[in-house]
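Text of start-v8.csv (CSV, C-alpha atoms and all ligand atoms) as supplied:
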```csv
chain,number,residue,atom,x,y,z
Y,31,MET,CA,29.0,1.7,-19.5
Y,32,SER,CA,26.7,-0.4,-21.7
Y,33,ALA,CA,28.4,-3.6,-20.5
Y,34,VAL,CA,27.0,-3.0,-17.0
Y,35,LYS,CA,23.6,-2.4,-18.5
Y,36,ASP,CA,23.9,-5.7,-20.4
Y,37,HIS,CA,24.6,-7.3,-17.1
Y,38,ILE,CA,21.6,-5.6,-15.5
Y,39,ASP,CA,19.3,-6.9,-18.3
Y,40,GLN,CA,20.8,-10.4,-18.0
Y,41,ALA,CA,20.3,-10.4,-14.2
Y,42,VAL,CA,16.6,-9.5,-14.7
Y,43,ASP,CA,16.1,-12.2,-17.3
Y,44,ARG,CA,17.8,-14.8,-15.0
Y,45,LEU,CA,15.3,-13.8,-12.2
Y,46,ALA,CA,12.3,-13.8,-14.6
Y,47,GLU,CA,10.8,-17.0,-13.1
Y,48,SER,CA,11.1,-15.9,-9.5
Y,49,LEU,CA,9.8,-12.5,-10.3
Y,50,GLN,CA,6.8,-13.9,-12.0
Y,51,LYS,CA,6.1,-16.1,-9.1
Y,52,LEU,CA,6.4,-13.1,-6.7
Y,53,SER,CA,4.0,-11.1,-8.8
Y,54,LEU,CA,1.4,-13.8,-9.1
Y,55,THR,CA,1.6,-14.6,-5.4
Y,56,ILE,CA,1.0,-11.0,-4.4
Y,57,HIS,CA,-1.8,-10.8,-7.0
Y,58,ALA,CA,-3.5,-13.9,-5.7
Y,59,HIS,CA,-3.5,-12.6,-2.1
Y,60,PRO,CA,-4.8,-9.0,-2.3
Y,61,GLU,CA,-4.3,-7.0,0.9
Y,62,LEU,CA,-5.8,-3.6,1.7
Y,63,CYS,CA,-4.1,-0.3,2.9
Y,64,TYR,CA,-1.7,-1.0,5.8
Y,65,GLU,CA,-2.6,-4.7,5.9
Y,66,GLU,CA,0.0,-5.7,3.3
Y,67,VAL,CA,1.7,-8.0,5.8
Y,68,LYS,CA,2.1,-11.0,3.4
Y,69,ALA,CA,3.2,-8.9,0.4
Y,70,ALA,CA,5.8,-7.0,2.5
Y,71,GLY,CA,7.0,-10.4,3.8
Y,72,TRP,CA,7.4,-12.0,0.4
Y,73,LEU,CA,9.1,-8.9,-1.1
Y,74,THR,CA,11.6,-8.5,1.8
Y,75,GLU,CA,12.3,-12.2,1.7
Y,76,PHE,CA,13.1,-12.0,-2.0
Y,77,LEU,CA,15.2,-8.9,-1.6
Y,78,ALA,CA,17.1,-10.4,1.3
Y,79,GLY,CA,17.7,-13.5,-0.7
Y,80,GLN,CA,19.3,-11.3,-3.5
Y,81,GLY,CA,21.7,-9.9,-1.0
Y,82,LEU,CA,20.1,-6.6,-0.1
Y,83,LYS,CA,20.2,-5.4,3.5
Y,84,VAL,CA,16.5,-5.4,4.6
Y,85,GLU,CA,14.8,-3.3,7.3
Y,86,ARG,CA,11.2,-4.0,8.0
Y,87,GLY,CA,8.6,-1.6,9.5
Y,88,VAL,CA,10.6,1.5,8.6
Y,89,GLY,CA,9.2,5.0,9.4
Y,90,GLY,CA,6.9,3.5,12.1
Y,91,VAL,CA,4.8,1.9,9.3
Y,92,GLU,CA,4.5,-1.8,10.0
Y,93,THR,CA,4.2,-2.9,6.3
Y,94,ALA,CA,6.8,-0.5,5.0
Y,95,PHE,CA,10.4,-1.7,4.3
Y,96,ARG,CA,13.7,-0.5,3.0
Y,97,ALA,CA,16.2,-2.8,1.2
Y,98,THR,CA,19.7,-1.3,0.6
Y,99,ILE,CA,22.7,-1.9,-1.5
Y,100,GLU,CA,25.7,0.2,-0.4
Y,101,THR,CA,28.9,0.6,-2.3
Y,102,GLY,CA,30.5,3.5,-0.6
Y,103,ALA,CA,30.0,7.2,-0.1
Y,104,GLY,CA,27.9,8.7,-2.9
Y,105,PRO,CA,24.4,9.6,-3.9
Y,106,THR,CA,21.3,7.6,-2.8
Y,107,ILE,CA,18.8,6.6,-5.4
Y,108,ALA,CA,15.4,5.0,-4.4
Y,109,ILE,CA,13.1,2.7,-6.3
Y,110,MET,CA,9.7,2.5,-4.8
Y,111,CYS,CA,7.3,-0.4,-4.5
Y,112,GLU,CA,3.5,-0.3,-3.9
Y,113,TYR,CA,1.7,-3.5,-3.0
Y,114,ASP,CA,-1.7,-2.6,-1.6
Y,115,ALA,CA,-4.9,-3.8,-3.4
Y,116,LEU,CA,-8.4,-2.4,-3.8
Y,117,PRO,CA,-11.5,-3.4,-1.9
Y,118,ALA,CA,-13.6,-6.0,-3.7
Y,119,ILE,CA,-11.6,-6.0,-7.0
Y,120,GLY,CA,-8.2,-7.0,-5.7
Y,121,HIS,CA,-5.1,-6.0,-7.7
Y,122,ALA,CA,-7.1,-3.9,-10.3
Y,123,CYS,CA,-4.5,-1.2,-10.0
Y,124,GLY,CA,-1.7,-3.7,-10.7
Y,125,HIS,CA,0.4,-2.9,-7.6
Y,126,ASN,CA,1.7,-6.5,-7.7
Y,127,ALA,CA,3.5,-5.4,-10.9
Y,128,ILE,CA,4.8,-2.2,-9.4
Y,129,ALA,CA,6.2,-4.2,-6.5
Y,130,THR,CA,7.7,-6.8,-8.7
Y,131,ALA,CA,9.3,-4.2,-11.1
Y,132,GLY,CA,10.9,-2.5,-8.1
Y,133,ALA,CA,12.1,-5.7,-6.5
Y,134,GLY,CA,13.5,-6.9,-9.9
Y,135,ALA,CA,15.4,-3.6,-10.4
Y,136,GLY,CA,16.8,-3.9,-6.9
Y,137,ALA,CA,17.8,-7.5,-7.4
Y,138,ALA,CA,19.5,-6.7,-10.7
Y,139,LEU,CA,21.5,-3.9,-9.2
Y,140,ALA,CA,22.5,-6.2,-6.4
Y,141,ALA,CA,23.7,-8.7,-9.0
Y,142,VAL,CA,26.0,-6.1,-10.5
Y,143,ARG,CA,27.1,-4.6,-7.1
Y,144,GLU,CA,30.8,-5.0,-8.0
Y,145,GLN,CA,30.4,-2.9,-11.1
Y,146,LEU,CA,28.3,-0.1,-9.4
Y,147,PRO,CA,29.8,3.3,-8.8
Y,148,LYS,CA,30.0,4.4,-5.2
Y,149,GLY,CA,26.6,5.3,-3.7
Y,150,CYS,CA,23.5,3.7,-2.3
Y,151,VAL,CA,20.5,2.1,-3.9
Y,152,GLN,CA,17.3,1.7,-1.8
Y,153,VAL,CA,14.2,-0.3,-2.7
Y,154,ILE,CA,11.6,1.4,-0.5
Y,155,GLY,CA,8.3,-0.4,0.2
Y,156,THR,CA,5.6,2.2,0.4
Y,157,PRO,CA,2.2,0.8,1.7
Y,158,ALA,CA,-1.3,2.2,1.3
Y,159,GLU,CA,-1.3,4.2,-1.9
Y,160,GLU,CA,-5.0,3.6,-2.4
Y,161,GLY,CA,-6.2,6.2,0.2
Y,162,GLY,CA,-3.9,5.6,3.2
Y,163,GLY,CA,-1.1,7.9,2.2
Y,164,GLY,CA,1.8,5.6,3.1
Y,165,LYS,CA,4.3,7.8,1.4
Y,166,VAL,CA,3.1,10.8,3.3
Y,167,LYS,CA,3.8,9.0,6.5
Y,168,LEU,CA,7.2,7.9,5.3
Y,169,ILE,CA,8.2,11.4,4.2
Y,170,ARG,CA,7.2,12.8,7.6
Y,171,ALA,CA,9.2,10.0,9.3
Y,172,GLY,CA,12.3,11.1,7.3
Y,173,ILE,CA,12.6,8.1,5.1
Y,174,PHE,CA,13.3,10.2,2.0
Y,175,ARG,CA,15.5,12.8,3.8
Y,176,ASP,CA,18.8,11.3,2.5
Y,177,VAL,CA,17.4,10.2,-0.9
Y,178,ASP,CA,18.7,12.2,-3.9
Y,179,ALA,CA,16.2,11.0,-6.5
Y,180,ALA,CA,13.4,8.4,-6.7
Y,181,MET,CA,11.4,6.5,-9.2
Y,182,MET,CA,8.7,3.9,-9.6
Y,183,CYS,CA,6.7,2.5,-12.5
Y,184,HIS,CA,2.9,2.2,-12.4
Y,185,GLY,CA,0.9,-0.2,-14.5
Y,186,TRP,CA,-1.1,1.1,-17.5
Y,187,ASP,CA,-2.2,0.0,-20.9
Y,188,LYS,CA,0.6,1.9,-22.6
Y,189,TRP,CA,4.2,3.1,-22.0
Y,190,ILE,CA,3.8,6.8,-21.0
Y,191,LEU,CA,6.8,8.6,-19.5
Y,192,HIS,CA,4.9,11.2,-17.5
Y,193,GLN,CA,1.3,11.7,-16.5
Y,194,ASP,CA,0.2,14.6,-14.4
Y,195,LEU,CA,-1.4,13.7,-11.1
Y,196,LEU,CA,-3.8,16.1,-9.5
Y,197,GLY,CA,-3.1,17.1,-6.0
Y,198,ILE,CA,-6.1,16.6,-3.8
Y,199,VAL,CA,-7.0,18.1,-0.4
Y,200,ARG,CA,-10.3,17.6,1.4
Y,201,VAL,CA,-12.1,20.3,3.5
Y,202,GLY,CA,-15.2,20.0,5.6
Y,203,PHE,CA,-17.6,22.7,6.8
Y,204,GLU,CA,-20.0,22.6,9.7
Y,205,PHE,CA,-22.4,25.4,10.1
Y,206,THR,CA,-24.4,26.1,13.3
Y,207,GLY,CA,-27.5,28.3,13.3
Y,208,LYS,CA,-30.6,28.3,15.5
Y,209,ALA,CA,-33.5,25.9,15.4
Y,210,ALA,CA,-37.1,27.2,15.2
Y,211,HIS,CA,-40.5,25.9,13.9
Y,212,ALA,CA,-40.3,26.4,10.1
Y,213,ALA,CA,-43.9,27.5,9.8
Y,214,ALA,CA,-44.9,28.9,13.2
Y,215,ASP,CA,-41.8,31.1,13.9
Y,216,PRO,CA,-39.3,30.9,11.0
Y,217,TRP,CA,-38.1,34.4,11.8
Y,218,GLU,CA,-36.8,33.0,15.1
Y,219,GLY,CA,-34.5,30.6,13.3
Y,220,VAL,CA,-31.0,30.9,11.7
Y,221,ASN,CA,-30.8,28.4,8.9
Y,222,ALA,CA,-27.6,26.3,8.8
Y,223,LEU,CA,-28.7,24.5,5.6
Y,224,ASP,CA,-28.9,27.8,3.8
Y,225,ALA,CA,-25.2,28.3,4.5
Y,226,VAL,CA,-24.5,24.9,3.0
Y,227,ILE,CA,-26.5,25.7,-0.1
Y,228,GLN,CA,-24.9,29.1,-0.4
Y,229,THR,CA,-21.5,27.5,-0.1
Y,230,PHE,CA,-22.3,25.2,-3.1
Y,231,ASN,CA,-23.7,28.2,-5.1
Y,232,THR,CA,-20.6,30.3,-4.4
Y,233,VAL,CA,-18.2,27.3,-5.2
Y,234,SER,CA,-20.2,26.9,-8.5
Y,235,MET,CA,-19.5,30.5,-9.4
Y,236,LEU,CA,-15.8,30.1,-8.4
Y,237,ARG,CA,-15.7,27.0,-10.7
Y,238,GLN,CA,-16.3,29.1,-13.8
Y,239,GLN,CA,-13.0,30.8,-13.3
Y,240,VAL,CA,-10.7,27.9,-12.4
Y,241,LYS,CA,-8.1,26.2,-14.6
Y,242,PRO,CA,-9.4,23.4,-16.8
Y,243,SER,CA,-7.4,20.7,-14.9
Y,244,ALA,CA,-8.8,21.8,-11.5
Y,245,ARG,CA,-11.7,19.8,-9.9
Y,246,ILE,CA,-13.9,20.9,-7.0
Y,247,HIS,CA,-16.6,18.6,-5.9
Y,248,GLY,CA,-18.6,18.2,-2.8
Y,249,ILE,CA,-21.5,16.4,-0.9
Y,250,VAL,CA,-23.9,17.5,1.8
Y,251,THR,CA,-23.1,15.4,4.9
Y,252,ASN,CA,-25.8,16.9,7.1
Y,253,GLY,CA,-28.8,18.7,5.7
Y,254,GLY,CA,-30.9,19.1,8.8
Y,255,ALA,CA,-33.1,16.9,11.0
Y,256,ALA,CA,-36.7,17.5,9.8
Y,257,ALA,CA,-38.3,19.8,7.2
Y,258,ASN,CA,-40.4,21.5,9.9
Y,259,ILE,CA,-37.4,22.6,11.9
Y,260,ILE,CA,-35.1,25.4,10.6
Y,261,PRO,CA,-31.9,23.4,10.5
Y,262,GLU,CA,-29.6,24.2,13.4
Y,263,HIS,CA,-26.7,22.1,12.1
Y,264,ALA,CA,-25.7,21.4,8.6
Y,265,ALA,CA,-22.4,20.3,7.0
Y,266,CYS,CA,-20.7,19.5,3.7
Y,267,LEU,CA,-17.5,18.1,2.5
Y,268,PHE,CA,-15.4,19.2,-0.5
Y,269,TYR,CA,-12.5,17.7,-2.5
Y,270,VAL,CA,-10.3,20.3,-4.2
Y,271,ARG,CA,-7.9,19.0,-6.9
Y,272,ALA,CA,-5.4,20.8,-9.1
Y,273,ALA,CA,-2.3,20.0,-11.2
Y,274,GLU,CA,0.0,22.4,-9.4
Y,275,LEU,CA,0.6,22.5,-5.7
Y,276,ASP,CA,0.4,26.3,-5.2
Y,277,TYR,CA,-2.8,26.4,-7.2
Y,278,MET,CA,-4.3,23.6,-5.2
Y,279,TRP,CA,-3.7,25.5,-1.9
Y,280,ASP,CA,-4.9,28.7,-3.6
Y,281,LEU,CA,-8.2,27.0,-4.5
Y,282,HIS,CA,-8.4,25.4,-1.1
Y,283,ARG,CA,-8.2,28.9,0.4
Y,284,ARG,CA,-10.8,30.2,-2.0
Y,285,VAL,CA,-13.3,27.4,-1.2
Y,286,ILE,CA,-12.9,28.1,2.5
Y,287,ALA,CA,-13.7,31.8,1.7
Y,288,CYS,CA,-16.9,30.6,-0.1
Y,289,ALA,CA,-18.0,28.9,3.2
Y,290,GLU,CA,-16.9,31.9,5.3
Y,291,GLY,CA,-19.0,34.2,3.0
Y,292,ALA,CA,-22.0,31.9,3.3
Y,293,ALA,CA,-21.7,31.9,7.1
Y,294,ARG,CA,-21.6,35.7,7.1
Y,295,ALA,CA,-24.6,35.9,4.7
Y,296,THR,CA,-26.7,33.6,6.7
Y,297,GLY,CA,-25.6,34.6,10.2
Y,298,THR,CA,-24.4,31.1,11.1
Y,299,SER,CA,-21.2,30.2,12.7
Y,300,LEU,CA,-18.7,28.1,10.8
Y,301,LYS,CA,-16.2,25.4,11.8
Y,302,VAL,CA,-13.7,24.4,9.1
Y,303,ILE,CA,-12.7,20.7,9.3
Y,304,ASP,CA,-9.1,20.7,8.1
Y,305,HIS,CA,-7.8,17.7,6.3
Y,306,SER,CA,-4.6,19.4,5.0
Y,307,GLU,CA,-2.4,16.8,6.7
Y,308,SER,CA,-3.7,14.0,4.4
Y,309,ALA,CA,-3.4,15.9,1.1
Y,310,TYR,CA,-2.0,14.1,-1.9
Y,311,GLU,CA,0.2,16.5,-3.8
Y,312,PRO,CA,0.5,16.9,-7.6
Y,313,LEU,CA,3.3,15.1,-9.5
Y,314,LYS,CA,6.2,17.5,-10.0
Y,315,ARG,CA,7.6,16.8,-13.4
Y,316,ASN,CA,11.4,16.2,-13.8
Y,317,ASP,CA,12.4,16.1,-17.5
Y,318,THR,CA,16.0,15.2,-16.7
Y,319,LEU,CA,15.0,12.0,-15.0
Y,320,LEU,CA,12.4,11.3,-17.6
Y,321,GLY,CA,15.0,11.8,-20.3
Y,322,ALA,CA,17.3,9.3,-18.7
Y,323,PHE,CA,14.5,6.8,-18.2
Y,324,ARG,CA,13.3,7.3,-21.8
Y,325,ALA,CA,16.7,6.5,-23.3
Y,326,ASN,CA,16.9,3.3,-21.4
Y,327,LEU,CA,13.3,2.3,-22.1
Y,328,LEU,CA,13.5,2.9,-25.8
Y,329,ALA,CA,16.9,1.0,-25.9
Y,330,LEU,CA,14.9,-2.0,-24.5
Y,331,GLY,CA,12.6,-1.8,-27.5
Y,332,ALA,CA,9.5,-0.3,-25.8
Y,333,THR,CA,7.2,2.1,-27.7
Y,334,GLU,CA,6.4,5.3,-26.0
Y,335,SER,CA,2.8,6.7,-26.2
Y,336,PRO,CA,1.9,10.4,-25.8
Y,337,GLU,CA,1.0,11.8,-22.5
Y,338,ILE,CA,-2.7,11.9,-21.6
Y,339,LYS,CA,-3.9,15.4,-20.7
Y,340,ASP,CA,-7.4,14.6,-19.3
Y,341,ARG,CA,-8.5,11.6,-17.1
Y,342,LEU,CA,-6.2,12.5,-14.3
Y,343,GLY,CA,-5.9,10.8,-11.0
Y,344,SER,CA,-4.1,11.4,-7.7
Y,345,SER,CA,-1.4,9.5,-5.9
Y,346,ASP,CA,0.9,9.9,-2.9
Y,347,VAL,CA,3.9,9.6,-5.2
Y,348,GLY,CA,3.1,13.2,-5.9
Y,349,ASN,CA,4.1,14.1,-2.3
Y,350,VAL,CA,7.5,12.4,-2.9
Y,351,SER,CA,8.0,14.4,-6.1
Y,352,GLN,CA,7.5,17.6,-4.1
Y,353,VAL,CA,10.4,16.9,-1.8
Y,354,ILE,CA,13.0,15.2,-4.1
Y,355,PRO,CA,13.3,14.7,-7.9
Y,356,CYS,CA,11.0,11.8,-8.7
Y,357,ILE,CA,9.3,10.2,-11.7
Y,358,GLN,CA,6.5,7.7,-12.2
Y,359,PRO,CA,6.5,6.4,-15.7
Y,360,MET,CA,3.5,4.2,-16.8
Y,361,MET,CA,4.5,0.7,-17.8
Y,362,LYS,CA,2.4,-1.3,-20.3
Y,363,ILE,CA,1.0,-4.3,-18.4
Y,364,ALA,CA,-2.4,-4.5,-20.1
Y,365,PRO,CA,-3.9,-4.5,-23.6
Y,366,ASP,CA,-4.7,-1.1,-25.1
Y,367,GLY,CA,-7.9,0.4,-23.8
Y,368,THR,CA,-8.0,-1.5,-20.5
Y,369,PRO,CA,-9.0,1.0,-17.8
Y,370,ILE,CA,-7.3,0.7,-14.4
Y,371,HIS,CA,-9.5,-0.1,-11.3
Y,372,SER,CA,-11.5,-2.5,-13.5
Y,373,ARG,CA,-11.9,-6.2,-13.4
Y,374,ALA,CA,-10.3,-6.5,-16.8
Y,375,PHE,CA,-7.2,-4.7,-15.4
Y,376,GLU,CA,-7.1,-7.0,-12.4
Y,377,ALA,CA,-7.1,-10.0,-14.8
Y,378,ALA,CA,-4.5,-8.3,-17.1
Y,379,ALA,CA,-2.1,-7.7,-14.1
Y,380,ALA,CA,-1.6,-11.5,-13.8
Y,381,ALA,CA,-1.2,-12.2,-17.6
Y,382,PRO,CA,2.0,-12.8,-19.6
Y,383,LEU,CA,1.9,-9.3,-21.1
Y,384,ALA,CA,2.0,-7.8,-17.5
Y,385,HIS,CA,5.0,-10.0,-16.7
Y,386,ALA,CA,6.9,-8.8,-19.9
Y,387,GLY,CA,6.1,-5.2,-19.1
Y,388,THR,CA,7.2,-5.7,-15.5
Y,389,LEU,CA,10.6,-7.1,-16.5
Y,390,THR,CA,11.2,-4.2,-19.0
Y,391,ALA,CA,10.3,-1.7,-16.3
Y,392,ALA,CA,12.7,-3.4,-13.9
Y,393,LYS,CA,15.5,-3.2,-16.4
Y,394,ALA,CA,14.7,0.5,-17.3
Y,395,MET,CA,14.6,1.5,-13.6
Y,396,ALA,CA,17.9,-0.4,-12.8
Y,397,ARG,CA,19.6,1.1,-15.8
Y,398,THR,CA,18.4,4.6,-14.9
Y,399,THR,CA,19.6,4.1,-11.3
Y,400,TYR,CA,23.0,3.1,-12.7
Y,401,ASP,CA,23.1,6.2,-14.9
Y,402,LEU,CA,22.4,8.4,-11.9
Y,403,LEU,CA,25.1,6.8,-9.8
Y,404,ALA,CA,27.6,6.8,-12.7
Y,405,ASP,CA,27.0,10.4,-13.9
Y,406,PRO,CA,27.1,13.0,-11.2
Y,407,GLY,CA,26.3,15.6,-13.8
Y,408,LEU,CA,23.0,13.9,-14.6
Y,409,LEU,CA,21.9,13.9,-10.9
Y,410,ALA,CA,23.0,17.5,-10.5
Y,411,LYS,CA,20.9,18.5,-13.5
Y,412,ALA,CA,17.9,16.6,-12.1
Y,413,LYS,CA,18.3,18.4,-8.8
Y,414,GLY,CA,18.9,21.7,-10.5
Y,415,GLU,CA,15.6,21.2,-12.4
Y,416,PHE,CA,13.8,20.3,-9.2
Y,417,GLY,CA,15.0,23.4,-7.5
Y,418,ALA,CA,14.4,25.7,-10.4
Y,501,ZN,ZN,-5.2,2.8,-8.0
Y,502,ZN,ZN,-2.2,2.4,-8.4
```

Write-out of the structure in structure tokens:
Amino acid sequence: MSAVKDHIDQAVDRLAESLQKLSLTIHAHPELCYEEVKAAGWLTEFLAGQGLKVERGVGGVETAFRATIETGAGPTIAIMCEYDALPAIGHACGHNAIATAGAGAGAALAAVREQLPKGCVQVIGTPAEEGGGGKVKLIRAGIFRDVDAAMMCHGWDKWILHQDLLGIVRVGFEFTGKAAHAAADPWEGVNALDAVIQTFNTVSMLRQQVKPSARIHGIVTNGGAAANIIPEHAACLFYVRAAELDYMWDLHRRVIACAEGAARATGTSLKVIDHSESAYEPLKRNDTLLGAFRANLLALGATESPEIKDRLGSSDVGNVSQVIPCIQPMMKIAPDGTPIHSRAFEAAAAAPLAHAGTLTAAKAMARTTYDLLADPGLLAKAKGEFGA
């Protein structure tokens, strides 16, 4: 078994130069959500060159792709790539490294194809993580339907096996009342802004009783037209975040109830603007997959850091983890203390340290994929844990 893993490591090392070039090229040409035409092109060209069967534009998403290695009937393991950049600050989330680690893992597994147990490996290119929800679209299009387990590595300043991601769902409220002169006939009016203010007050009270990891935050998007008119229309928008999916939807319901109560209290009518379709779901933990990844990562000489329990973000990889067993370990591609979405992280994502971390992540993902194909008990355990 370890002989195959040695061959996997050697294949990644052999490809180190091409992988670095791929990473730096993507880094130098940042493309936003759903515009990652060049990155998807370079990645698919590389994977096709390594002997994977490439499909472009899968799931009806132009910049998505799937690159497959098939060795016979068996389980399907997916390795995900992200490659979108941020507005104004380029690859400050290091998605060039995510893409390169995924492509490197796929290429290494293609190189040991003859030694792979029966099954299927898919490198799935998932666009638009930074707000566009590419994985949400691909899930709806059925791209993950036949996948048994999935993984990806995200850039960070440390090796961390699991970090919670908060689910996030947006909800808007539009209140309608009745306009009147605010001094001459205020009793003729029905104040829609009062309903907005009452919603914020009630949400603030709710916030006292929510779990520490939950976040509820909003803005007023319409506060009325003029101070001498009782506002006829007023509106607000809230983001609701939580670390567990059920709890996120529970809080979502309770925030809507706050707005309903405010409408009742003020005599306004309420229209709820539902954004449930674009929710990013929390990352569902899978200790079986994490354990397999950890063993491979530590064997490669990496040092694991403890999980971070505050400073939590959100990602559409959470949605994947709610439909199949899925992990997103953090790979060290930046010096300690470098925050993501910063100019320093953007620079780090193109430096030699990032390249070294990317190669280690590629090896660890390819080895873990091999473990899942070789040991049906391991995959069964991961699935059992997922379903539990
Ligand atoms: Zn990001
Ligand atoms: Zn990111």

Ligand ZN 501 (chain Y): which residues are within 7 Å, counting only C-alpha atoms and all ligand atoms? Reply as a list in words.
Cys123, Glu160 and His371 of chain Y

Could you list the protein, DNA and RNA residues that have any atom within 10 Å of ligand ZN 502 (chain Y), counting all atoms listed in the file, and write them as a count of residues only?
27

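Closest approach to Y:Gly163 among Y:Ala94, Y:Ile99, Y:Met235, Y:Val67: Y:Ala94, based on only C-alpha atoms.
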
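Shortest atom-to-atom contact with Y:Ala129 among Y:Ala412, Y:Ile169, Y:Ile338, Y:Leu52: Y:Leu52, counting only C-alpha atoms.
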
What's the 9 Å shell around stretch 400-410 of chain Y, counting only C-alpha atoms, without same-chain residues fewer than 2 positions away, as a VMD selection string?
chain Y and resid 31 34 to 35 104 to 107 139 146 to 151 178 to 179 318 to 319 322 395 to 398 412 to 415

Residue nearest Y:Ala137 among Y:Ala384, Y:Ile109, Y:Met278, Y:Ala329 (counting all atoms listed in the file):
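Of the candidates, the smallest distance to Y:Ala137 is held by Y:Ile109.
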
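Among the candidates Y:Asp194, Y:Glu307, Y:Glu85, Y:Asp187, the one nearest to Y:Ile363 when counting only C-alpha atoms is Y:Asp187.
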
Using only C-alpha atoms, which of the listed residues (Y:Cys111, Y:Met361, Y:Ala33, Y:Leu328) sits closest to Y:Gly387?
Y:Met361

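Here atom CA of Y:Arg315 and atom CA of Y:Val199 stand 19.6 Å from one another.
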
Once N, CA, C and O atoms are restored for stretch 354-366 of chain Y, what would the output be as an mmCIF file, keeping the file's coordinate frame?
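Ended up saving to selection.cif:
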```cif
data_model
loop_
_atom_site.group_PDB
_atom_site.id
_atom_site.type_symbol
_atom_site.label_atom_id
_atom_site.label_comp_id
_atom_site.auth_asym_id
_atom_site.auth_seq_id
_atom_site.Cartn_x
_atom_site.Cartn_y
_atom_site.Cartn_z
ATOM 1 N N ILE Y 354 11.730 15.590 -3.419
ATOM 2 C CA ILE Y 354 13.000 15.200 -4.100
ATOM 3 C C ILE Y 354 12.618 15.011 -5.620
ATOM 4 O O ILE Y 354 11.455 14.756 -5.941
ATOM 5 N N PRO Y 355 13.598 15.056 -6.530
ATOM 6 C CA PRO Y 355 13.300 14.700 -7.900
ATOM 7 C C PRO Y 355 12.772 13.289 -7.997
ATOM 8 O O PRO Y 355 13.375 12.376 -7.418
ATOM 9 N N CYS Y 356 11.658 13.098 -8.692
ATOM 10 C CA CYS Y 356 11.000 11.800 -8.700
ATOM 11 C C CYS Y 356 10.133 11.637 -9.916
ATOM 12 O O CYS Y 356 9.510 12.596 -10.361
ATOM 13 N N ILE Y 357 10.134 10.435 -10.486
ATOM 14 C CA ILE Y 357 9.300 10.200 -11.700
ATOM 15 C C ILE Y 357 8.446 8.923 -11.449
ATOM 16 O O ILE Y 357 8.821 8.028 -10.687
ATOM 17 N N GLN Y 358 7.321 8.899 -12.162
ATOM 18 C CA GLN Y 358 6.500 7.700 -12.200
ATOM 19 C C GLN Y 358 6.032 7.399 -13.600
ATOM 20 O O GLN Y 358 4.914 7.716 -13.988
ATOM 21 N N PRO Y 359 6.920 6.784 -14.396
ATOM 22 C CA PRO Y 359 6.500 6.400 -15.700
ATOM 23 C C PRO Y 359 5.410 5.286 -15.663
ATOM 24 O O PRO Y 359 5.358 4.517 -14.696
ATOM 25 N N MET Y 360 4.568 5.256 -16.688
ATOM 26 C CA MET Y 360 3.500 4.200 -16.800
ATOM 27 C C MET Y 360 4.126 3.055 -17.603
ATOM 28 O O MET Y 360 4.701 3.277 -18.680
ATOM 29 N N MET Y 361 3.974 1.834 -17.080
ATOM 30 C CA MET Y 361 4.500 0.700 -17.800
ATOM 31 C C MET Y 361 3.296 -0.082 -18.423
ATOM 32 O O MET Y 361 2.251 -0.207 -17.793
ATOM 33 N N LYS Y 362 3.499 -0.560 -19.622
ATOM 34 C CA LYS Y 362 2.400 -1.300 -20.300
ATOM 35 C C LYS Y 362 2.298 -2.684 -19.744
ATOM 36 O O LYS Y 362 3.162 -3.522 -19.974
ATOM 37 N N ILE Y 363 1.222 -2.915 -18.983
ATOM 38 C CA ILE Y 363 1.000 -4.300 -18.400
ATOM 39 C C ILE Y 363 -0.372 -4.797 -18.819
ATOM 40 O O ILE Y 363 -0.799 -5.837 -18.315
ATOM 41 N N ALA Y 364 -1.084 -4.047 -19.692
ATOM 42 C CA ALA Y 364 -2.400 -4.500 -20.100
ATOM 43 C C ALA Y 364 -2.683 -4.135 -21.540
ATOM 44 O O ALA Y 364 -2.054 -3.224 -22.078
ATOM 45 N N PRO Y 365 -3.600 -4.868 -22.182
ATOM 46 C CA PRO Y 365 -3.900 -4.500 -23.600
ATOM 47 C C PRO Y 365 -4.458 -3.119 -23.713
ATOM 48 O O PRO Y 365 -5.097 -2.611 -22.782
ATOM 49 N N ASP Y 366 -4.212 -2.482 -24.862
ATOM 50 C CA ASP Y 366 -4.700 -1.100 -25.100
ATOM 51 C C ASP Y 366 -6.175 -0.996 -24.786
ATOM 52 O O ASP Y 366 -6.967 -1.867 -25.143
#
```
